[in-house]
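Reviewing the structure listed below.
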There are 2 protein chains.
Amino acid sequence: MLLKSRVKYIQSLGQKKFRDQEGVFVAEGPKLINELLHAENVDLVWLFAIKEWIDHNQRLAGKLSDSKVYQIDEAELKRVSYMSTPNQVLGIFRRPVFIPIGLSHEVSLVLDGIQDPGNLGTIVRTADWFGIKRVICSFDCADVYNPKTIQATMGSICRVLVTYADLKMTLIDLAGLPVFGAVLDGKNLMELDKIKEGLILIGNESKGIRNELIEQIQYQITIPRQGKAESLNAAVATGIILSHLL
Amino acid sequence: MLLKSRVKYIQSLGQKKFRDQEGVFVAEGPKLINELLHAENVDLVWLFAIKEWIDHNQRLAGKLSDSKVYQIDEAELKRVSYMSTPNQVLGIFRRPVFIPIGLSHEVSLVLDGIQDPGNLGTIVRTADWFGIKRVICSFDCADVYNPKTIQATMGSICRVLVTYADLKMTLIDLAGLPVFGAVLDGKNLMELDKIKEGLILIGNESKGIRNELIEQIQYQITIPRQGKAESLNAAVATGIILSHLL
């Protein structure tokens with residue numbers, strides 16, 4: 001049985017304030033939970049699973065402390081789940097711990113005002129695919145620990161360090177690194193050489209990169225358009241840019 | 001005031017059965033509505049807007065028949081909206097009409113079991129960016145007229161013809177066209193030449209392309225991975241593939 005106080009606690013984690021206070025995040029579904037339970041830099045707080053998941057994951061569940069794993073029924077899962085279709089298991093984890101890594105000799109992503117939690121998660125997942133280890137977000141980006149973002153990262157949250165910063169200050173501090181930015185009338189992405197170091201700046205879904213940051217870009221790049229769509233989804237654009245530059 | 005029967009009607013369009021029966025779809029938000037009102041192949045049925053939208057779009061609203069435009073308040077919009085944050089205006093439109101176009105001398109997309117409505121919409125938008133005019137979906141793909149899909153297409157729904165078909169039969173019928181398919185262990189996408197004709201097959205978000213279709217692929221392609229993410233989002237993968245092949 002799921003205690004009322006636990007239900008309330010899980011529901012409170014839908015709010016950034018409480019997530020930050022507790023230093024945790026919520027993840028759901030067998031695939032993601034399995035990956036997080038195996039990650040070395042993420043600790044489990046509590047796991048809530050229906051019988052089906054526990055039966056199928058006896059070895060894994062057996063390794064976890066009894067005080068951390070709770071069997072619940074589908075109705076209870078539905079009450080605490082953040083997914084429209086709850087999927088067997090929900091876990092609360094401490095936020096990943098990373099060994100500090102520098103930005104030089106690396107390519108990192110810089111996100112300016114990515115508002116949609118799902119987009120942010122998909123961008124982190126895409127960065128991970130292309131071997132990027134650092135994503136720096138403006139303070140008005142979505143919260144990377146939003147349950148929707150966590151789901152969209154598909155586990156990349158424990159491999160990519162996502163931090164929040166004043167981007168103008170960050171770009172000034174890192175003035176030695178080349179800065180690439182996706183704009184509407186820049187140089188054709190297809191004509192650029194691969195890069196080994198630098199910052200790739202991606203702008204807000206509808207407004208693009210804010211003016212005060214545009215000035216800091218050394219290489220303005222554009223994905224050439226052949227059809228008539230007005231724009232590309234921010235995560236799709238990021239994927240295309242990374243696939244050509246890396 | 002919004003009549004109870006209208007509220008019920010709009011809410012019923014959340015179900016595919018009723019959408020199909022009526023031959024309509026729901027779209028929301030000033031940007032998308034504006035684009036659809038200007039599209040030549042889409043007809044408006046009804047428009048429901050708050051005062052703010054009507055005041056800002058007097059010329060546009062003035063061109064529409066009075067019997068088609070209803071001013072409602074924010075509470076009423078919230079009741080009928082399919083968005084978590086309703087945005088000024090909701091329209092019901094007849095489905096777009098297209099001049100039939102052939103598949104030869106064109107590159108078209110073929111989607112096998114894309115389940116997520118948002119992913120499907122983003123794929124259609126991405127196809128439009130790269131000038132693709134046809135998307136053929138398996139019957140188990142999400143419905144392209146799902147409100148979430150429509151929002152994610154960002155208007156590309158009136159420029160890209162999306163149809164549903166038995167993909168195995170379709171690929172047999174179109175045997176003269178080269179078929180490219182995204183798989184996990186195919187040829188490096190970066191090493192392929194640009195194409196001018198053919199079908200590009202994209203598989204389900206977690207299961208990929210089903211076996212009976214794999215056999216029909218002449219060019220198995222893979223997006224090379226440098227990091228550790230297990231997979232890419234289907235829309236991101238589509239964008240990357242199109243940006244390299246077109």
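Simple scheme: letters A, B, ... for chains in structure tokens order, numbers from 1 for residues in each chain, numbers from 1 for ligands in the order shown.
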Problem - Exercise: range 130-133 of chain B partners within 7 Å, only C-alpha atoms, chain neighbours under 3 positions left out, as an MDAnalysis selection string - result: (chainID A and resid 225:228) or (chainID B and resid 107:108 126:127 159:161 242)
Practice task
Taking only C-alpha atoms into account, report as a PyMOL selection string which residues of chain B lie within 10 Å of chain A.
Solution key: chain B and resi 122-133+152-157+159-160+189-190+223-244+246
Selected residues, C-alpha atoms, written as a short mmCIF file (atom, residue, chain, number, x, y, z; two decimals), in the first residue's frame, please.
data_model
loop_
_atom_site.label_atom_id
_atom_site.label_comp_id
_atom_site.auth_asym_id
_atom_site.auth_seq_id
_atom_site.Cartn_x
_atom_site.Cartn_y
_atom_site.Cartn_z
CA THR B 122 7.67 17.00 -35.94
CA ILE B 123 8.63 14.53 -38.69
CA VAL B 124 6.08 16.07 -41.08
CA ARG B 125 7.44 19.55 -40.28
CA THR B 126 11.02 18.33 -40.85
CA ALA B 127 10.02 16.68 -44.15
CA ASP B 128 8.49 19.99 -45.26
CA TRP B 129 11.72 21.87 -44.40
CA PHE B 130 13.64 19.54 -46.72
CA GLY B 131 11.10 19.83 -49.54
CA ILE B 132 9.51 16.40 -49.17
CA LYS B 133 5.90 16.39 -50.37
CA ALA B 152 3.73 19.80 -33.93
CA THR B 153 3.47 20.12 -37.74
CA MET B 154 3.39 23.92 -37.31
CA GLY B 155 1.38 24.30 -40.52
CA SER B 156 3.28 21.78 -42.63
CA ILE B 157 0.09 19.70 -42.61
CA ARG B 159 1.97 21.32 -47.60
CA VAL B 160 2.84 17.66 -47.04
CA LEU B 189 25.17 7.83 -43.53
CA MET B 190 28.04 10.31 -43.91
CA ILE B 223 23.83 7.56 -38.16
CA PRO B 224 27.29 7.05 -36.64
CA ARG B 225 27.36 7.36 -32.86
CA GLN B 226 30.19 8.97 -30.93
CA GLY B 227 28.69 8.96 -27.42
CA LYS B 228 26.66 6.54 -25.36
CA ALA B 229 22.97 7.29 -25.89
CA GLU B 230 21.27 4.05 -26.90
CA SER B 231 19.23 5.67 -29.65
CA LEU B 232 18.07 8.95 -31.15
CA ASN B 233 14.57 10.40 -31.09
CA ALA B 234 12.80 9.38 -34.34
CA ALA B 235 12.24 12.97 -35.49
CA VAL B 236 15.85 13.94 -34.76
CA ALA B 237 17.06 10.87 -36.68
CA THR B 238 14.80 11.79 -39.62
CA GLY B 239 16.18 15.34 -39.67
CA ILE B 240 19.78 14.12 -39.67
CA ILE B 241 19.15 11.60 -42.45
CA LEU B 242 17.31 14.10 -44.65
CA SER B 243 20.02 16.73 -44.12
CA HIS B 244 22.65 14.32 -45.42
CA LEU B 246 18.92 15.67 -49.76
#
Determine, counting only C-alpha atoms, which protein, DNA and RNA residues have an atom within 9 Å of an atom of Glu28 in chain B; residues of the same chain fewer than 2 positions away are not included. Present the result as a PDB file with N, CA, C and O atoms, in the first residue's frame.
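Writing done, so here's out_22.pdb:
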ATOM      1  N   VAL B  26      -8.519  19.957 -35.524  1.00  0.00           N
ATOM      2  CA  VAL B  26      -8.462  21.106 -34.613  1.00  0.00           C
ATOM      3  C   VAL B  26      -7.040  21.672 -34.612  1.00  0.00           C
ATOM      4  O   VAL B  26      -6.075  20.914 -34.585  1.00  0.00           O
ATOM      5  N   PRO B  30      -2.173  31.564 -32.336  1.00  0.00           N
ATOM      6  CA  PRO B  30      -2.184  32.579 -33.390  1.00  0.00           C
ATOM      7  C   PRO B  30      -1.326  32.221 -34.616  1.00  0.00           C
ATOM      8  O   PRO B  30      -1.761  32.394 -35.746  1.00  0.00           O
ATOM      9  N   LYS B  31      -0.129  31.708 -34.384  1.00  0.00           N
ATOM     10  CA  LYS B  31       0.794  31.465 -35.495  1.00  0.00           C
ATOM     11  C   LYS B  31       0.233  30.412 -36.459  1.00  0.00           C
ATOM     12  O   LYS B  31       0.155  30.625 -37.663  1.00  0.00           O
ATOM     13  N   LEU B  32      -0.162  29.270 -35.879  1.00  0.00           N
ATOM     14  CA  LEU B  32      -0.675  28.166 -36.697  1.00  0.00           C
ATOM     15  C   LEU B  32      -2.003  28.546 -37.358  1.00  0.00           C
ATOM     16  O   LEU B  32      -2.229  28.289 -38.546  1.00  0.00           O
ATOM     17  N   ILE B  33      -2.901  29.169 -36.598  1.00  0.00           N
ATOM     18  CA  ILE B  33      -4.213  29.552 -37.132  1.00  0.00           C
ATOM     19  C   ILE B  33      -4.029  30.532 -38.303  1.00  0.00           C
ATOM     20  O   ILE B  33      -4.656  30.398 -39.363  1.00  0.00           O
ATOM     21  N   SER B  81      -9.838  23.685 -25.213  1.00  0.00           N
ATOM     22  CA  SER B  81      -8.482  23.591 -25.752  1.00  0.00           C
ATOM     23  C   SER B  81      -7.850  22.224 -25.495  1.00  0.00           C
ATOM     24  O   SER B  81      -8.100  21.590 -24.470  1.00  0.00           O
ATOM     25  N   TYR B  82      -7.010  21.801 -26.431  1.00  0.00           N
ATOM     26  CA  TYR B  82      -6.249  20.568 -26.274  1.00  0.00           C
ATOM     27  C   TYR B  82      -4.830  20.847 -25.787  1.00  0.00           C
ATOM     28  O   TYR B  82      -4.023  19.942 -25.659  1.00  0.00           O
ATOM     29  N   MET B  83      -4.521  22.123 -25.556  1.00  0.00           N
ATOM     30  CA  MET B  83      -3.168  22.473 -25.120  1.00  0.00           C
ATOM     31  C   MET B  83      -3.140  22.675 -23.609  1.00  0.00           C
ATOM     32  O   MET B  83      -4.124  23.105 -23.024  1.00  0.00           O
ATOM     33  N   PRO B  86      -3.623  27.056 -23.171  1.00  0.00           N
ATOM     34  CA  PRO B  86      -4.401  27.537 -24.326  1.00  0.00           C
ATOM     35  C   PRO B  86      -3.874  28.886 -24.804  1.00  0.00           C
ATOM     36  O   PRO B  86      -3.420  29.689 -23.988  1.00  0.00           O
ATOM     37  N   ASN B  87      -3.934  29.115 -26.113  1.00  0.00           N
ATOM     38  CA  ASN B  87      -3.287  30.289 -26.668  1.00  0.00           C
ATOM     39  C   ASN B  87      -4.204  31.067 -27.621  1.00  0.00           C
ATOM     40  O   ASN B  87      -4.134  30.931 -28.845  1.00  0.00           O
ATOM     41  N   GLN B  88      -5.125  31.813 -27.048  1.00  0.00           N
ATOM     42  CA  GLN B  88      -5.965  32.798 -27.741  1.00  0.00           C
ATOM     43  C   GLN B  88      -7.016  32.294 -28.718  1.00  0.00           C
ATOM     44  O   GLN B  88      -8.117  32.815 -28.785  1.00  0.00           O
ATOM     45  N   VAL B  89      -6.673  31.304 -29.537  1.00  0.00           N
ATOM     46  CA  VAL B  89      -7.594  30.958 -30.629  1.00  0.00           C
ATOM     47  C   VAL B  89      -7.538  29.462 -30.955  1.00  0.00           C
ATOM     48  O   VAL B  89      -6.477  28.846 -30.900  1.00  0.00           O
ATOM     49  N   LEU B  90      -8.729  28.920 -31.242  1.00  0.00           N
ATOM     50  CA  LEU B  90      -8.836  27.510 -31.636  1.00  0.00           C
ATOM     51  C   LEU B  90      -9.695  27.449 -32.893  1.00  0.00           C
ATOM     52  O   LEU B  90     -10.748  28.098 -32.957  1.00  0.00           O
ATOM     53  N   GLY B  91      -9.250  26.716 -33.887  1.00  0.00           N
ATOM     54  CA  GLY B  91     -10.018  26.609 -35.121  1.00  0.00           C
ATOM     55  C   GLY B  91     -10.311  25.170 -35.488  1.00  0.00           C
ATOM     56  O   GLY B  91      -9.527  24.274 -35.176  1.00  0.00           O
ATOM     57  N   ILE B  92     -11.452  24.988 -36.129  1.00  0.00           N
ATOM     58  CA  ILE B  92     -11.756  23.680 -36.696  1.00  0.00           C
ATOM     59  C   ILE B  92     -11.715  23.843 -38.208  1.00  0.00           C
ATOM     60  O   ILE B  92     -12.339  24.753 -38.762  1.00  0.00           O
ATOM     61  N   PRO B 147      -4.845  16.292 -32.428  1.00  0.00           N
ATOM     62  CA  PRO B 147      -4.501  17.700 -32.141  1.00  0.00           C
ATOM     63  C   PRO B 147      -3.016  17.908 -31.818  1.00  0.00           C
ATOM     64  O   PRO B 147      -2.435  18.912 -32.226  1.00  0.00           O
ATOM     65  N   ILE B 150      -1.075  17.858 -35.126  1.00  0.00           N
ATOM     66  CA  ILE B 150      -1.331  19.095 -35.869  1.00  0.00           C
ATOM     67  C   ILE B 150      -0.479  20.225 -35.314  1.00  0.00           C
ATOM     68  O   ILE B 150       0.185  20.959 -36.062  1.00  0.00           O
ATOM     69  N   GLN B 151      -0.457  20.378 -33.964  1.00  0.00           N
ATOM     70  CA  GLN B 151       0.343  21.454 -33.362  1.00  0.00           C
ATOM     71  C   GLN B 151       1.819  21.283 -33.718  1.00  0.00           C
ATOM     72  O   GLN B 151       2.507  22.247 -34.026  1.00  0.00           O
TER      73      GLN B 151
END
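For the pair CA of Phe98 in chain B and CA of Glu40 in chain B, the interatomic distance is 10.1 Å.
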Practice task
Mind checking which residues fall within 8 Å of range 7-21 of chain A, counting only C-alpha atoms, ignoring those fewer than 5 positions away in the same chain, and posting them as a list in words?
Solution key: Leu2, Val26, Arg79, Val80, Asp143, Tyr145, Asn146 and Pro147 of chain A
Selection from above, N, CA and C atoms, as a PDB file, in the first residue's frame, can you write it?
ATOM      1  N   LEU A   2       0.386   2.235  -0.686  1.00  0.00           N
ATOM      2  CA  LEU A   2       1.157   3.466  -0.796  1.00  0.00           C
ATOM      3  C   LEU A   2       0.629   4.471   0.226  1.00  0.00           C
ATOM      4  N   VAL A  26      12.383  12.438 -10.594  1.00  0.00           N
ATOM      5  CA  VAL A  26      11.494  11.291 -10.803  1.00  0.00           C
ATOM      6  C   VAL A  26      11.739  10.719 -12.196  1.00  0.00           C
ATOM      7  N   ARG A  79      -1.902   7.150  -9.752  1.00  0.00           N
ATOM      8  CA  ARG A  79      -2.035   8.350  -8.919  1.00  0.00           C
ATOM      9  C   ARG A  79      -0.754   9.165  -8.838  1.00  0.00           C
ATOM     10  N   VAL A  80       0.387   8.491  -8.852  1.00  0.00           N
ATOM     11  CA  VAL A  80       1.648   9.217  -8.669  1.00  0.00           C
ATOM     12  C   VAL A  80       2.413   9.440  -9.977  1.00  0.00           C
ATOM     13  N   ASP A 143      13.479  23.213 -16.769  1.00  0.00           N
ATOM     14  CA  ASP A 143      14.280  22.540 -15.745  1.00  0.00           C
ATOM     15  C   ASP A 143      14.623  21.130 -16.220  1.00  0.00           C
ATOM     16  N   TYR A 145      15.386  18.669 -14.575  1.00  0.00           N
ATOM     17  CA  TYR A 145      14.834  17.636 -13.691  1.00  0.00           C
ATOM     18  C   TYR A 145      13.307  17.576 -13.726  1.00  0.00           C
ATOM     19  N   ASN A 146      12.680  18.337 -14.622  1.00  0.00           N
ATOM     20  CA  ASN A 146      11.252  18.198 -14.880  1.00  0.00           C
ATOM     21  C   ASN A 146      11.000  16.737 -15.323  1.00  0.00           C
ATOM     22  N   PRO A 147       9.984  16.072 -14.781  1.00  0.00           N
ATOM     23  CA  PRO A 147       9.760  14.669 -15.158  1.00  0.00           C
ATOM     24  C   PRO A 147       9.687  14.445 -16.675  1.00  0.00           C
TER      25      PRO A 147
END
Practice task
Could you find all residues in range 22-208 of chain A that DSSP calls helix (DSSP H, G or I) from the backbone, and write them as number ranges by chain?
Solution key: A: 22, 30-38, 51-56, 58-63, 66-68, 74-80, 117-129, 147-153, 156-158, 167-173, 189-191
Residues as selected, C-alpha atoms, written as a JSON list (two decimals), in the first residue's frame, can you do that?
[["chain", "number", "residue", "atom", "x", "y", "z"],
["A", 22, "GLU", "CA", 15.19, 17.58, -2.06],
["A", 30, "PRO", "CA", 11.34, -0.20, -17.12],
["A", 31, "LYS", "CA", 13.92, 0.89, -19.71],
["A", 32, "LEU", "CA", 14.88, 4.18, -18.08],
["A", 33, "ILE", "CA", 14.69, 2.81, -14.50],
["A", 34, "ASN", "CA", 16.91, -0.11, -15.45],
["A", 35, "GLU", "CA", 19.49, 2.23, -16.93],
["A", 36, "LEU", "CA", 19.46, 4.52, -13.89],
["A", 37, "LEU", "CA", 19.75, 1.62, -11.44],
["A", 38, "HIS", "CA", 22.92, 0.58, -13.27],
["A", 51, "LYS", "CA", 4.09, -6.85, -9.25],
["A", 52, "GLU", "CA", 4.81, -7.46, -12.94],
["A", 53, "TRP", "CA", 7.98, -5.36, -12.86],
["A", 54, "ILE", "CA", 9.19, -6.91, -9.59],
["A", 55, "ASP", "CA", 8.59, -10.43, -10.92],
["A", 56, "HIS", "CA", 10.55, -9.65, -14.08],
["A", 58, "GLN", "CA", 13.95, -10.13, -9.23],
["A", 59, "ARG", "CA", 17.75, -10.12, -9.47],
["A", 60, "LEU", "CA", 17.86, -6.35, -9.85],
["A", 61, "ALA", "CA", 15.25, -5.71, -7.15],
["A", 62, "GLY", "CA", 17.00, -8.22, -4.86],
["A", 63, "LYS", "CA", 20.14, -6.08, -4.87],
["A", 66, "ASP", "CA", 14.00, -3.57, 1.07],
["A", 67, "SER", "CA", 13.38, -0.18, 2.60],
["A", 68, "LYS", "CA", 13.77, 1.36, -0.85],
["A", 74, "GLU", "CA", -1.77, -0.08, -10.98],
["A", 75, "ALA", "CA", -4.27, 2.35, -9.48],
["A", 76, "GLU", "CA", -1.64, 3.61, -7.05],
["A", 77, "LEU", "CA", 0.91, 3.96, -9.84],
["A", 78, "LYS", "CA", -1.59, 5.96, -11.83],
["A", 79, "ARG", "CA", -2.04, 8.35, -8.92],
["A", 80, "VAL", "CA", 1.65, 9.22, -8.67],
["A", 117, "PRO", "CA", 10.76, 20.25, -21.25],
["A", 118, "GLY", "CA", 10.49, 17.50, -23.88],
["A", 119, "ASN", "CA", 12.66, 19.44, -26.33],
["A", 120, "LEU", "CA", 15.30, 19.97, -23.66],
["A", 121, "GLY", "CA", 15.38, 16.26, -22.83],
["A", 122, "THR", "CA", 15.61, 15.29, -26.49],
["A", 123, "ILE", "CA", 18.48, 17.76, -26.97],
["A", 124, "VAL", "CA", 20.39, 16.22, -24.03],
["A", 125, "ARG", "CA", 19.82, 12.74, -25.51],
["A", 126, "THR", "CA", 21.01, 13.94, -28.93],
["A", 127, "ALA", "CA", 24.10, 15.59, -27.37],
["A", 128, "ASP", "CA", 24.91, 12.28, -25.68],
["A", 129, "TRP", "CA", 24.62, 10.40, -29.00],
["A", 147, "PRO", "CA", 9.76, 14.67, -15.16],
["A", 148, "LYS", "CA", 9.02, 15.24, -18.87],
["A", 149, "THR", "CA", 12.61, 16.24, -19.52],
["A", 150, "ILE", "CA", 13.97, 13.24, -17.62],
["A", 151, "GLN", "CA", 11.78, 10.90, -19.69],
["A", 152, "ALA", "CA", 12.93, 12.51, -22.94],
["A", 153, "THR", "CA", 16.63, 12.20, -22.04],
["A", 156, "SER", "CA", 21.42, 10.51, -20.99],
["A", 157, "ILE", "CA", 20.85, 12.62, -17.87],
["A", 158, "CYS", "CA", 23.47, 10.51, -16.08],
["A", 167, "LEU", "CA", 25.07, 32.90, -20.90],
["A", 168, "LYS", "CA", 26.44, 36.36, -21.66],
["A", 169, "MET", "CA", 28.91, 36.11, -18.78],
["A", 170, "THR", "CA", 29.74, 32.52, -19.73],
["A", 171, "LEU", "CA", 30.56, 33.46, -23.32],
["A", 172, "ILE", "CA", 32.72, 36.37, -22.15],
["A", 173, "ASP", "CA", 34.54, 34.10, -19.67],
["A", 189, "LEU", "CA", 26.12, 24.39, -42.44],
["A", 190, "MET", "CA", 27.00, 21.91, -45.19],
["A", 191, "GLU", "CA", 30.05, 23.97, -46.20]]
Handout entry: Every residue of range 88-134 of chain B that DSSP places in strand (DSSP E), as a ChimeraX atom specification
Key = /B:89-94,107-111,134
Could the residues in this selection be written to a file with N, CA and C atoms, as an mmCIF file, in the first residue's frame?
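And here is the file that came out, selection.cif:
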data_model
loop_
_atom_site.group_PDB
_atom_site.id
_atom_site.type_symbol
_atom_site.label_atom_id
_atom_site.label_comp_id
_atom_site.auth_asym_id
_atom_site.auth_seq_id
_atom_site.Cartn_x
_atom_site.Cartn_y
_atom_site.Cartn_z
ATOM 1 N N VAL B 89 -6.673 31.304 -29.537
ATOM 2 C CA VAL B 89 -7.594 30.958 -30.629
ATOM 3 C C VAL B 89 -7.538 29.462 -30.955
ATOM 4 N N LEU B 90 -8.729 28.920 -31.242
ATOM 5 C CA LEU B 90 -8.836 27.510 -31.636
ATOM 6 C C LEU B 90 -9.695 27.449 -32.893
ATOM 7 N N GLY B 91 -9.250 26.716 -33.887
ATOM 8 C CA GLY B 91 -10.018 26.609 -35.121
ATOM 9 C C GLY B 91 -10.311 25.170 -35.488
ATOM 10 N N ILE B 92 -11.452 24.988 -36.129
ATOM 11 C CA ILE B 92 -11.756 23.680 -36.696
ATOM 12 C C ILE B 92 -11.715 23.843 -38.208
ATOM 13 N N PHE B 93 -10.941 22.991 -38.870
ATOM 14 C CA PHE B 93 -10.725 23.114 -40.313
ATOM 15 C C PHE B 93 -11.076 21.817 -41.021
ATOM 16 N N ARG B 94 -11.523 21.962 -42.270
ATOM 17 C CA ARG B 94 -11.644 20.770 -43.117
ATOM 18 C C ARG B 94 -10.244 20.306 -43.486
ATOM 19 N N VAL B 107 11.698 12.317 -53.581
ATOM 20 C CA VAL B 107 12.069 11.558 -52.380
ATOM 21 C C VAL B 107 10.887 11.652 -51.424
ATOM 22 N N SER B 108 10.416 10.494 -50.952
ATOM 23 C CA SER B 108 9.300 10.484 -50.006
ATOM 24 C C SER B 108 9.706 9.752 -48.732
ATOM 25 N N LEU B 109 8.995 10.051 -47.668
ATOM 26 C CA LEU B 109 9.262 9.403 -46.385
ATOM 27 C C LEU B 109 8.241 8.295 -46.166
ATOM 28 N N VAL B 110 8.703 7.189 -45.590
ATOM 29 C CA VAL B 110 7.806 6.087 -45.236
ATOM 30 C C VAL B 110 8.000 5.805 -43.749
ATOM 31 N N LEU B 111 6.928 5.917 -42.966
ATOM 32 C CA LEU B 111 7.034 5.780 -41.511
ATOM 33 C C LEU B 111 6.397 4.478 -41.032
ATOM 34 N N ARG B 134 5.560 14.060 -49.762
ATOM 35 C CA ARG B 134 4.725 12.898 -49.425
ATOM 36 C C ARG B 134 5.273 12.141 -48.225
#
Exercise for the section: May I ask which of the residues B:Met1, B:Pro178, B:Gly29, B:Asn211 is the closest one to His105 in chain B, counting only C-alpha atoms? Expected result: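 Once distances to His105 in chain B are computed over only C-alpha atoms, the minimum belongs to B:Pro178.
Note that the spacing between CA of Ile195 in chain B and CA of Ile214 in chain B amounts to 19.9 Å.
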Problem - Interatomic distance (Å, one decimal) between CA of Gly208 in chain A and CA of Ala165 in chain A - result: 17.9 Å
Practice task
Excluding Arg210 in chain A and residues on its chain fewer than 4 positions from it, collect all residues at most 10 Å away from it, counting only C-alpha atoms, and give them as a PyMOL selection string.
Solution key: chain A and resi 112-113+203-204+214-215
